[in-house]
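Engineer: One structure, as structure tokens, below. Some questions next.
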Amino acid sequence: MKRFIIRGPNKAIDGEVEISGAKNACLPIMAASILFKNKVILKNVPFVKDVYTMKNLLVALGSKVNFSVSKKMMTIINKKNHKLIVPYNLVSTMRAGVLTMGPLLAKYPKKKIKVALGGGCALGVRDTNWHLSGFRSLGAKNHLDKGYVNISTKKGLVGSKYKFPKVTVTGTSNLIMASIFAKGEHYIKNISIEPEVIDLINFLNKSGADIKFLGKRSIKVTGVKELINGVHNIIGDRIEAFSYLCVGAITNGKIKVNNINPKFLRTEINILKKIGYKILLNESSITLFKGKKLNSIKIKTGPWPSLATDNMPLLLAVLTKVPGKSQIVETIFSNRFMAAPELKRMGALIRIKKNKAIIIGQNELRAADCISSDLRTTFSIILGAIAAKGESNIARVYHGLRGYYNLDTKLKKIGIKIKSKN
Ligand code: EPU
């Protein structure tokens with residue numbers, strides 16, 4: 001199993017990173033390809049592990065998927081009807097597998113769809129009850145049998161209305177995709193407006209769908225007859241961009257991230273400024289410069305446009321080096337502080353109480369052997385190791401490779417002393 005060995009403390013870095021396409025935009029758009037009659041071409045594709053898993057899933061369902069890694073491009077061709085069973089082995093390692101439910105239901109509304117339930121994951125329980133109640137609002141019934149959700153309709157899908165009880169990202173994408181060919185109009189309220197969901201909406205509208213915003217979190221989806229071909233450039237990955245900004249922050253150096261719309265990170269940029277870092281914005285890049293005096297801070301995660309829960313573990317690591325007492329409140333997942341015990345092994349002072357973390361900034365962290373347990377935790381531990389004195393050994397970094405493209409290569413390029421071992 002691959003592990004990383006990082007020698008720290010790294011001196012203040014001065015580097016530049018090319019940000020890849022957003023994993024969480026690419027995966028739903030790949031699932032949306034099921035809706036199309038012919039061909040979908042995607043550009044700025046991040047060839048991370050999850051994208052390969054989604055490719056395997058689409059191929060298992062009957063799509064033809066070609067990757068051109070050097071061109072960052074992917075082509076998906078639908079020549080035959082899809083199979084209507086999504087097997088457990090393809091959804092158990094990747095939450096985004098549930099995103100095939102909506103498009104399969106939309107394209108084959110009178111057939112029975114069987115999708116394996118992914119179960120829990122390291123972040124806590126990750127239910128699909130709102131995905132399913134959303135489908136019910138279109139007339140699709142479901143029942144659970146041997147770990148598979150069986151979804152079907154009697155007369156096809158008919159538009160009505162649905163309000164999500166709380167904001168859900170994949171739930172929103174799934175229901176939008178399910179509604180695309182429904183009869184009449186489907187009104188959906190309290191949707192997620194994360195940039196990745198907006199990217200999916202833009203892609204679908206550009207390809208012939210009819211999705212209109214009626215308010216900030218309300219849309220109307222008017223059923224269309226078919227989607228034939230689609231071409232799309234995936235947006236830059238705001239979480240990857242923020243991760244590298246945090247490498248600059250924890251070494252109190254300078255870093256520029258390219259290929260990212262700074263608007264996607266406006267809350268996070270304000271947080272970095274409040275801590276004391278200087279930030280320069282361009283149309284598609286962000287530069288972080290060292291701060292003279294760093295200040296502790298109180299922050300809280302939430303749905304877009306609040307601080308992204310995926311960016312929280314990165315700030316947790318940065319705050320271990322910021323003088324004073326900081327506080328983080330996590331409002332999305334029940335178990336999102338998995339980096340804390342690992343950072344504590346490096347000497348960080350972190351106290352967790354329910355969904356709140358109190359962090360007391362330290363002058364010095366010391367290297368330790370750590371184990372990563374999920375995607376963003378991997379980068380959080382990497383940040384700790386970059387700041388810690390000595391050689392840290394990080395096991396199970398495969399979690400990080402699910403969502404960070406060329407992770408060790410990009411870190412090495414900006415001057416981090418990292419070795420990868422099998
Ligand atoms: N929830 C329910 N019922 C549902 C749906 C969600 O109770 O039917 C709850 C979840 O348990 C959670 C909260 O609602 O407590 C929000 O979950 P959400 O559905 O928004 O999460 P997700 O769609 O499964 C996506 C990203 C995550 C990111 C969250 C932020 C993808 C593929 N995944 O997950 O990304 O943390 O939104 O809300 O887009 C990552 O990239 O590292 C990652 C975990």
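Chain lettering (A, B, ...) mirrors the order of the structure tokens, residue numbering begins at 1 for each chain separately, and ligand numbering begins at 1 in order of display.
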Could you find all residues in region 107-159 of chain A that DSSP calls alpha helix (DSSP H) from the backbone, and write them as a list in words?
Structural biologist: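 Everything in region 107-159 of chain A that counts as alpha helix (DSSP H) is Lys107, Asn129, Trp130, His131, Leu132, Ser133, Gly134, Phe135, Arg136 and Ser137 of chain A.
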Engineer: For the residues in that selection, give me N, CA, C and O atoms as a tab-separated table (two decimals), in the first residue's frame.
Structural biologist:
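The result, stored in selection_12.tsv:
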chain	number	residue	atom	x	y	z
A	107	LYS	N	-33.90	8.03	-17.88
A	107	LYS	CA	-33.81	7.48	-19.24
A	107	LYS	C	-34.67	6.23	-19.42
A	107	LYS	O	-35.15	5.95	-20.51
A	129	ASN	N	-31.95	9.01	1.80
A	129	ASN	CA	-33.41	9.11	1.96
A	129	ASN	C	-34.01	10.30	1.21
A	129	ASN	O	-35.10	10.21	0.65
A	130	TRP	N	-33.27	11.42	1.12
A	130	TRP	CA	-33.82	12.59	0.41
A	130	TRP	C	-33.71	12.44	-1.11
A	130	TRP	O	-34.49	13.02	-1.85
A	131	HIS	N	-32.73	11.64	-1.56
A	131	HIS	CA	-32.68	11.32	-3.00
A	131	HIS	C	-33.98	10.58	-3.35
A	131	HIS	O	-34.67	10.89	-4.31
A	132	LEU	N	-34.28	9.58	-2.47
A	132	LEU	CA	-35.42	8.70	-2.78
A	132	LEU	C	-36.76	9.42	-2.62
A	132	LEU	O	-37.67	9.23	-3.44
A	133	SER	N	-36.86	10.31	-1.60
A	133	SER	CA	-38.15	11.02	-1.47
A	133	SER	C	-38.28	12.01	-2.63
A	133	SER	O	-39.39	12.29	-3.10
A	134	GLY	N	-37.15	12.52	-3.12
A	134	GLY	CA	-37.19	13.38	-4.32
A	134	GLY	C	-37.73	12.60	-5.52
A	134	GLY	O	-38.61	13.08	-6.25
A	135	PHE	N	-37.25	11.36	-5.71
A	135	PHE	CA	-37.74	10.54	-6.82
A	135	PHE	C	-39.23	10.24	-6.65
A	135	PHE	O	-39.98	10.20	-7.63
A	136	ARG	N	-39.65	10.04	-5.38
A	136	ARG	CA	-41.07	9.75	-5.13
A	136	ARG	C	-41.94	10.92	-5.59
A	136	ARG	O	-43.03	10.74	-6.11
A	137	SER	N	-41.40	12.16	-5.44
A	137	SER	CA	-42.19	13.32	-5.85
A	137	SER	C	-42.41	13.33	-7.37
A	137	SER	O	-43.31	13.99	-7.88
Engineer: Just want the 10 Å neighbourhood of Lys155 (chain A), counted on only C-alpha atoms, with same-chain residues fewer than 3 positions away dropped. Output as an NGL selection string.
Structural biologist: :A and (109-110 or 139-140 or 152 or 158)
Engineer: Now that the selection is made, can you save its residues with N, CA, C and O atoms as a PDB file, in the first residue's frame?
Structural biologist:
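Just written: again-v9.pdb:
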ATOM      1  N   PRO A 109     -37.682   5.198 -17.516  1.00  0.00           N
ATOM      2  CA  PRO A 109     -38.641   5.413 -16.432  1.00  0.00           C
ATOM      3  C   PRO A 109     -39.633   4.275 -16.243  1.00  0.00           C
ATOM      4  O   PRO A 109     -40.209   4.146 -15.165  1.00  0.00           O
ATOM      5  N   LYS A 110     -39.833   3.459 -17.254  1.00  0.00           N
ATOM      6  CA  LYS A 110     -40.840   2.404 -17.085  1.00  0.00           C
ATOM      7  C   LYS A 110     -40.219   1.058 -16.733  1.00  0.00           C
ATOM      8  O   LYS A 110     -40.901   0.043 -16.679  1.00  0.00           O
ATOM      9  N   GLY A 139     -43.043  10.479  -8.869  1.00  0.00           N
ATOM     10  CA  GLY A 139     -43.904   9.301  -9.096  1.00  0.00           C
ATOM     11  C   GLY A 139     -43.155   7.986  -9.074  1.00  0.00           C
ATOM     12  O   GLY A 139     -43.702   6.955  -9.457  1.00  0.00           O
ATOM     13  N   ALA A 140     -41.876   8.001  -8.642  1.00  0.00           N
ATOM     14  CA  ALA A 140     -41.100   6.751  -8.616  1.00  0.00           C
ATOM     15  C   ALA A 140     -41.107   6.160  -7.216  1.00  0.00           C
ATOM     16  O   ALA A 140     -40.718   6.816  -6.258  1.00  0.00           O
ATOM     17  N   SER A 152     -38.997   2.148  -9.341  1.00  0.00           N
ATOM     18  CA  SER A 152     -39.809   1.977 -10.555  1.00  0.00           C
ATOM     19  C   SER A 152     -41.018   2.908 -10.531  1.00  0.00           C
ATOM     20  O   SER A 152     -41.394   3.432  -9.477  1.00  0.00           O
ATOM     21  N   VAL A 158     -43.623  12.130 -13.672  1.00  0.00           N
ATOM     22  CA  VAL A 158     -44.448  13.321 -13.893  1.00  0.00           C
ATOM     23  C   VAL A 158     -43.986  14.426 -12.943  1.00  0.00           C
ATOM     24  O   VAL A 158     -43.848  14.193 -11.734  1.00  0.00           O
TER      25      VAL A 158
END
Engineer: Could you build a table of the residues in region 346-394 of chain A lying no more than 10 Å from region 325-332 of chain A, giving for each the nearest pair of atoms and their separation in Å rounded to one decimal place, using only C-alpha atoms, ordered by chain and ascending residue number, as JSON lines?
Structural biologist:
{"residue": "A:Leu349", "atom": "CA", "partner": "A:Lys325", "partner_atom": "CA", "distance": 9.7}
{"residue": "A:Ile350", "atom": "CA", "partner": "A:Ser326", "partner_atom": "CA", "distance": 9.5}
{"residue": "A:Arg351", "atom": "CA", "partner": "A:Gln327", "partner_atom": "CA", "distance": 9.6}
{"residue": "A:Ile352", "atom": "CA", "partner": "A:Ile328", "partner_atom": "CA", "distance": 9.5}
{"residue": "A:Lys353", "atom": "CA", "partner": "A:Val329", "partner_atom": "CA", "distance": 9.7}
{"residue": "A:Lys354", "atom": "CA", "partner": "A:Glu330", "partner_atom": "CA", "distance": 9.1}
{"residue": "A:Asn355", "atom": "CA", "partner": "A:Glu330", "partner_atom": "CA", "distance": 5.3}
{"residue": "A:Lys356", "atom": "CA", "partner": "A:Val329", "partner_atom": "CA", "distance": 4.5}
{"residue": "A:Ala357", "atom": "CA", "partner": "A:Ile328", "partner_atom": "CA", "distance": 5.1}
{"residue": "A:Ile358", "atom": "CA", "partner": "A:Gln327", "partner_atom": "CA", "distance": 4.7}
{"residue": "A:Ile359", "atom": "CA", "partner": "A:Ser326", "partner_atom": "CA", "distance": 5.1}
{"residue": "A:Ile360", "atom": "CA", "partner": "A:Lys325", "partner_atom": "CA", "distance": 4.6}
{"residue": "A:Gly361", "atom": "CA", "partner": "A:Lys325", "partner_atom": "CA", "distance": 6.6}
Engineer: Can you pull out every residue within 8 Å of Val115 (chain A), counting only C-alpha atoms, but drop anything in the same chain fewer than 3 positions away, and send it as a CSV table (one decimal) with C-alpha atoms, in the first residue's frame?
Structural biologist:
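Saved result, out-v7.csv, follows:
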chain,number,residue,atom,x,y,z
A,85,ILE,CA,-28.3,-2.9,-12.1
A,86,VAL,CA,-25.6,-0.9,-10.3
A,87,PRO,CA,-23.6,-3.6,-8.4
A,88,TYR,CA,-22.3,-3.2,-4.8
A,98,VAL,CA,-25.5,6.8,-6.2
A,101,MET,CA,-29.8,6.5,-9.9
A,148,TYR,CA,-30.4,-2.9,-3.2
A,149,VAL,CA,-32.9,-0.1,-3.8
A,150,ASN,CA,-35.4,-1.0,-6.4
Engineer: How would you write, as a PyMOL selection string, the set of residues in region 240-406 of chain A that DSSP gives as strand (DSSP E or B)?
Structural biologist: chain A and resi 254-258+278-281+285-289+298-301+307+325-329+349-353+356-360+365-366+369-371+388-395
Engineer: Tell me, as a PyMOL selection string, which residues lie within 8 Å of region 15-25 of chain A, counting only C-alpha atoms; anything in the same chain fewer than 4 positions away does not count.
Structural biologist: chain A and resi 29+44-46+48+50-51+196-197+199-200+234-238+240-241+244+254-260+403+405+410+413-415
Engineer: Considering only C-alpha atoms, tabulate each residue of region 102-149 of chain A that lies at most 7 Å from region 176-188 of chain A along with its nearest interatomic pair and the corresponding distance in Å to one decimal; arrange the rows by chain and ascending residue number and present them as JSON lines.
Structural biologist:
{"residue": "A:Gly102", "atom": "CA", "partner": "A:Ala178", "partner_atom": "CA", "distance": 4.1}
{"residue": "A:Pro103", "atom": "CA", "partner": "A:Met177", "partner_atom": "CA", "distance": 5.3}
{"residue": "A:Leu105", "atom": "CA", "partner": "A:Ala178", "partner_atom": "CA", "distance": 6.0}
{"residue": "A:Ala106", "atom": "CA", "partner": "A:Ala178", "partner_atom": "CA", "distance": 4.6}
Engineer: With all heavy atoms retained, export the selected residues as a PDB file, in the first residue's frame.
Structural biologist:
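Wrote it out as out.pdb, contents follow:
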ATOM      1  N   GLY A 102     -30.469   8.728 -10.554  1.00  0.00           N
ATOM      2  CA  GLY A 102     -31.308   9.747 -11.212  1.00  0.00           C
ATOM      3  C   GLY A 102     -31.323   9.599 -12.716  1.00  0.00           C
ATOM      4  O   GLY A 102     -32.402   9.473 -13.333  1.00  0.00           O
ATOM      5  N   PRO A 103     -30.136   9.575 -13.367  1.00  0.00           N
ATOM      6  CA  PRO A 103     -30.146   9.467 -14.827  1.00  0.00           C
ATOM      7  C   PRO A 103     -30.709   8.144 -15.341  1.00  0.00           C
ATOM      8  O   PRO A 103     -31.407   8.130 -16.365  1.00  0.00           O
ATOM      9  CB  PRO A 103     -28.669   9.625 -15.230  1.00  0.00           C
ATOM     10  CG  PRO A 103     -27.890   9.731 -13.984  1.00  0.00           C
ATOM     11  CD  PRO A 103     -28.820   9.932 -12.836  1.00  0.00           C
ATOM     12  N   LEU A 105     -33.069   6.382 -13.942  1.00  0.00           N
ATOM     13  CA  LEU A 105     -34.524   6.493 -13.779  1.00  0.00           C
ATOM     14  C   LEU A 105     -35.115   7.397 -14.862  1.00  0.00           C
ATOM     15  O   LEU A 105     -36.165   7.085 -15.443  1.00  0.00           O
ATOM     16  CB  LEU A 105     -34.793   7.076 -12.382  1.00  0.00           C
ATOM     17  CG  LEU A 105     -36.231   7.285 -11.974  1.00  0.00           C
ATOM     18  CD1 LEU A 105     -36.977   5.956 -11.941  1.00  0.00           C
ATOM     19  CD2 LEU A 105     -36.294   7.941 -10.583  1.00  0.00           C
ATOM     20  N   ALA A 106     -34.431   8.490 -15.173  1.00  0.00           N
ATOM     21  CA  ALA A 106     -34.935   9.431 -16.192  1.00  0.00           C
ATOM     22  C   ALA A 106     -34.966   8.773 -17.564  1.00  0.00           C
ATOM     23  O   ALA A 106     -35.925   8.924 -18.316  1.00  0.00           O
ATOM     24  CB  ALA A 106     -34.036  10.671 -16.231  1.00  0.00           C
TER      25      ALA A 106
END
Engineer: Could you list, as a PDB file with C-alpha atoms, in the first residue's frame, all the residues within 9 Å of ligand 1, counting only C-alpha atoms and all ligand atoms?
Structural biologist:
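Printed below is out_4.pdb as written:
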ATOM      1  CA  LYS A  23     -13.671  15.758  -9.058  1.00  0.00           C
ATOM      2  CA  ASN A  24     -17.071  16.611  -7.552  1.00  0.00           C
ATOM      3  CA  ALA A  25     -18.157  18.293 -10.798  1.00  0.00           C
ATOM      4  CA  CYS A  26     -16.724  15.598 -13.058  1.00  0.00           C
ATOM      5  CA  LEU A  27     -18.387  12.618 -11.305  1.00  0.00           C
ATOM      6  CA  PRO A  28     -22.026  13.848 -11.570  1.00  0.00           C
ATOM      7  CA  MET A  94     -17.279   5.693  -3.936  1.00  0.00           C
ATOM      8  CA  ARG A  95     -20.287   7.648  -2.692  1.00  0.00           C
ATOM      9  CA  ALA A  96     -20.780   9.233  -6.119  1.00  0.00           C
ATOM     10  CA  GLY A  97     -21.983   5.860  -7.468  1.00  0.00           C
ATOM     11  CA  VAL A  98     -25.472   6.798  -6.199  1.00  0.00           C
ATOM     12  CA  LEU A  99     -25.491   9.529  -8.861  1.00  0.00           C
ATOM     13  CA  LEU A 123     -17.454  10.820   7.496  1.00  0.00           C
ATOM     14  CA  GLY A 124     -20.491   9.336   9.257  1.00  0.00           C
ATOM     15  CA  VAL A 125     -23.838   8.065   8.010  1.00  0.00           C
ATOM     16  CA  ARG A 126     -24.428   9.156   4.422  1.00  0.00           C
ATOM     17  CA  ASP A 127     -28.070   8.580   3.755  1.00  0.00           C
ATOM     18  CA  THR A 128     -29.935   8.636   0.438  1.00  0.00           C
ATOM     19  CA  ASN A 129     -33.411   9.109   1.961  1.00  0.00           C
ATOM     20  CA  TRP A 130     -33.823  12.591   0.411  1.00  0.00           C
ATOM     21  CA  HIS A 131     -32.679  11.323  -2.998  1.00  0.00           C
ATOM     22  CA  LEU A 132     -35.419   8.701  -2.776  1.00  0.00           C
ATOM     23  CA  SER A 133     -38.145  11.024  -1.474  1.00  0.00           C
ATOM     24  CA  GLY A 134     -37.191  13.376  -4.323  1.00  0.00           C
ATOM     25  CA  PHE A 164     -35.199  19.191   0.324  1.00  0.00           C
ATOM     26  CA  PRO A 165     -35.425  19.159   4.166  1.00  0.00           C
ATOM     27  CA  LYS A 166     -31.725  20.153   4.270  1.00  0.00           C
ATOM     28  CA  VAL A 167     -29.229  20.995   1.563  1.00  0.00           C
ATOM     29  CA  THR A 168     -27.711  17.910  -0.081  1.00  0.00           C
ATOM     30  CA  VAL A 169     -25.200  18.108  -2.909  1.00  0.00           C
ATOM     31  CA  THR A 170     -25.546  14.731  -4.630  1.00  0.00           C
ATOM     32  CA  GLY A 171     -29.253  14.630  -3.681  1.00  0.00           C
ATOM     33  CA  THR A 172     -29.792  17.846  -5.671  1.00  0.00           C
ATOM     34  CA  SER A 173     -27.811  16.570  -8.679  1.00  0.00           C
ATOM     35  CA  SER A 192     -27.550  22.877  -3.190  1.00  0.00           C
ATOM     36  CA  GLU A 194     -22.325  24.546  -4.727  1.00  0.00           C
ATOM     37  CA  GLU A 196     -20.166  21.810  -8.857  1.00  0.00           C
ATOM     38  CA  VAL A 197     -23.990  21.589  -8.940  1.00  0.00           C
ATOM     39  CA  ILE A 239     -10.891  22.072  -2.754  1.00  0.00           C
ATOM     40  CA  GLY A 302     -22.053  25.105   5.962  1.00  0.00           C
ATOM     41  CA  PRO A 303     -23.525  24.686   2.493  1.00  0.00           C
ATOM     42  CA  TRP A 304     -22.206  27.016  -0.218  1.00  0.00           C
ATOM     43  CA  ALA A 308     -16.959  24.086   2.625  1.00  0.00           C
ATOM     44  CA  THR A 309     -16.803  21.087   4.968  1.00  0.00           C
ATOM     45  CA  ASP A 310     -14.185  19.605   2.598  1.00  0.00           C
ATOM     46  CA  ASN A 311     -11.907  22.576   3.273  1.00  0.00           C
ATOM     47  CA  THR A 331     -22.335  21.442  10.647  1.00  0.00           C
ATOM     48  CA  ILE A 332     -22.473  18.986   7.718  1.00  0.00           C
ATOM     49  CA  PHE A 333     -21.021  15.620   8.774  1.00  0.00           C
ATOM     50  CA  SER A 334     -21.063  13.826  12.135  1.00  0.00           C
ATOM     51  CA  ASP A 374     -10.331   9.637   4.191  1.00  0.00           C
ATOM     52  CA  LEU A 375      -9.661  11.931   1.275  1.00  0.00           C
ATOM     53  CA  ARG A 376      -9.350  15.365   2.916  1.00  0.00           C
ATOM     54  CA  THR A 377      -7.811  13.910   6.098  1.00  0.00           C
ATOM     55  CA  GLY A 400      -5.941  11.039  -0.935  1.00  0.00           C
ATOM     56  CA  ARG A 402      -9.129   9.240  -4.832  1.00  0.00           C
ATOM     57  CA  GLY A 403      -9.401  13.000  -5.275  1.00  0.00           C
TER      58      GLY A 403
END
Engineer: When you look at region 4-12 of chain A with a cut-off of 10 Å (counting only C-alpha atoms), what residues show up, excluding the ones that are within fewer than 5 positions of it in the same chain? I need them as an MDAnalysis selection string.
Structural biologist: chainID A and resid 247:255 290 364:370 382:397 408 415:422
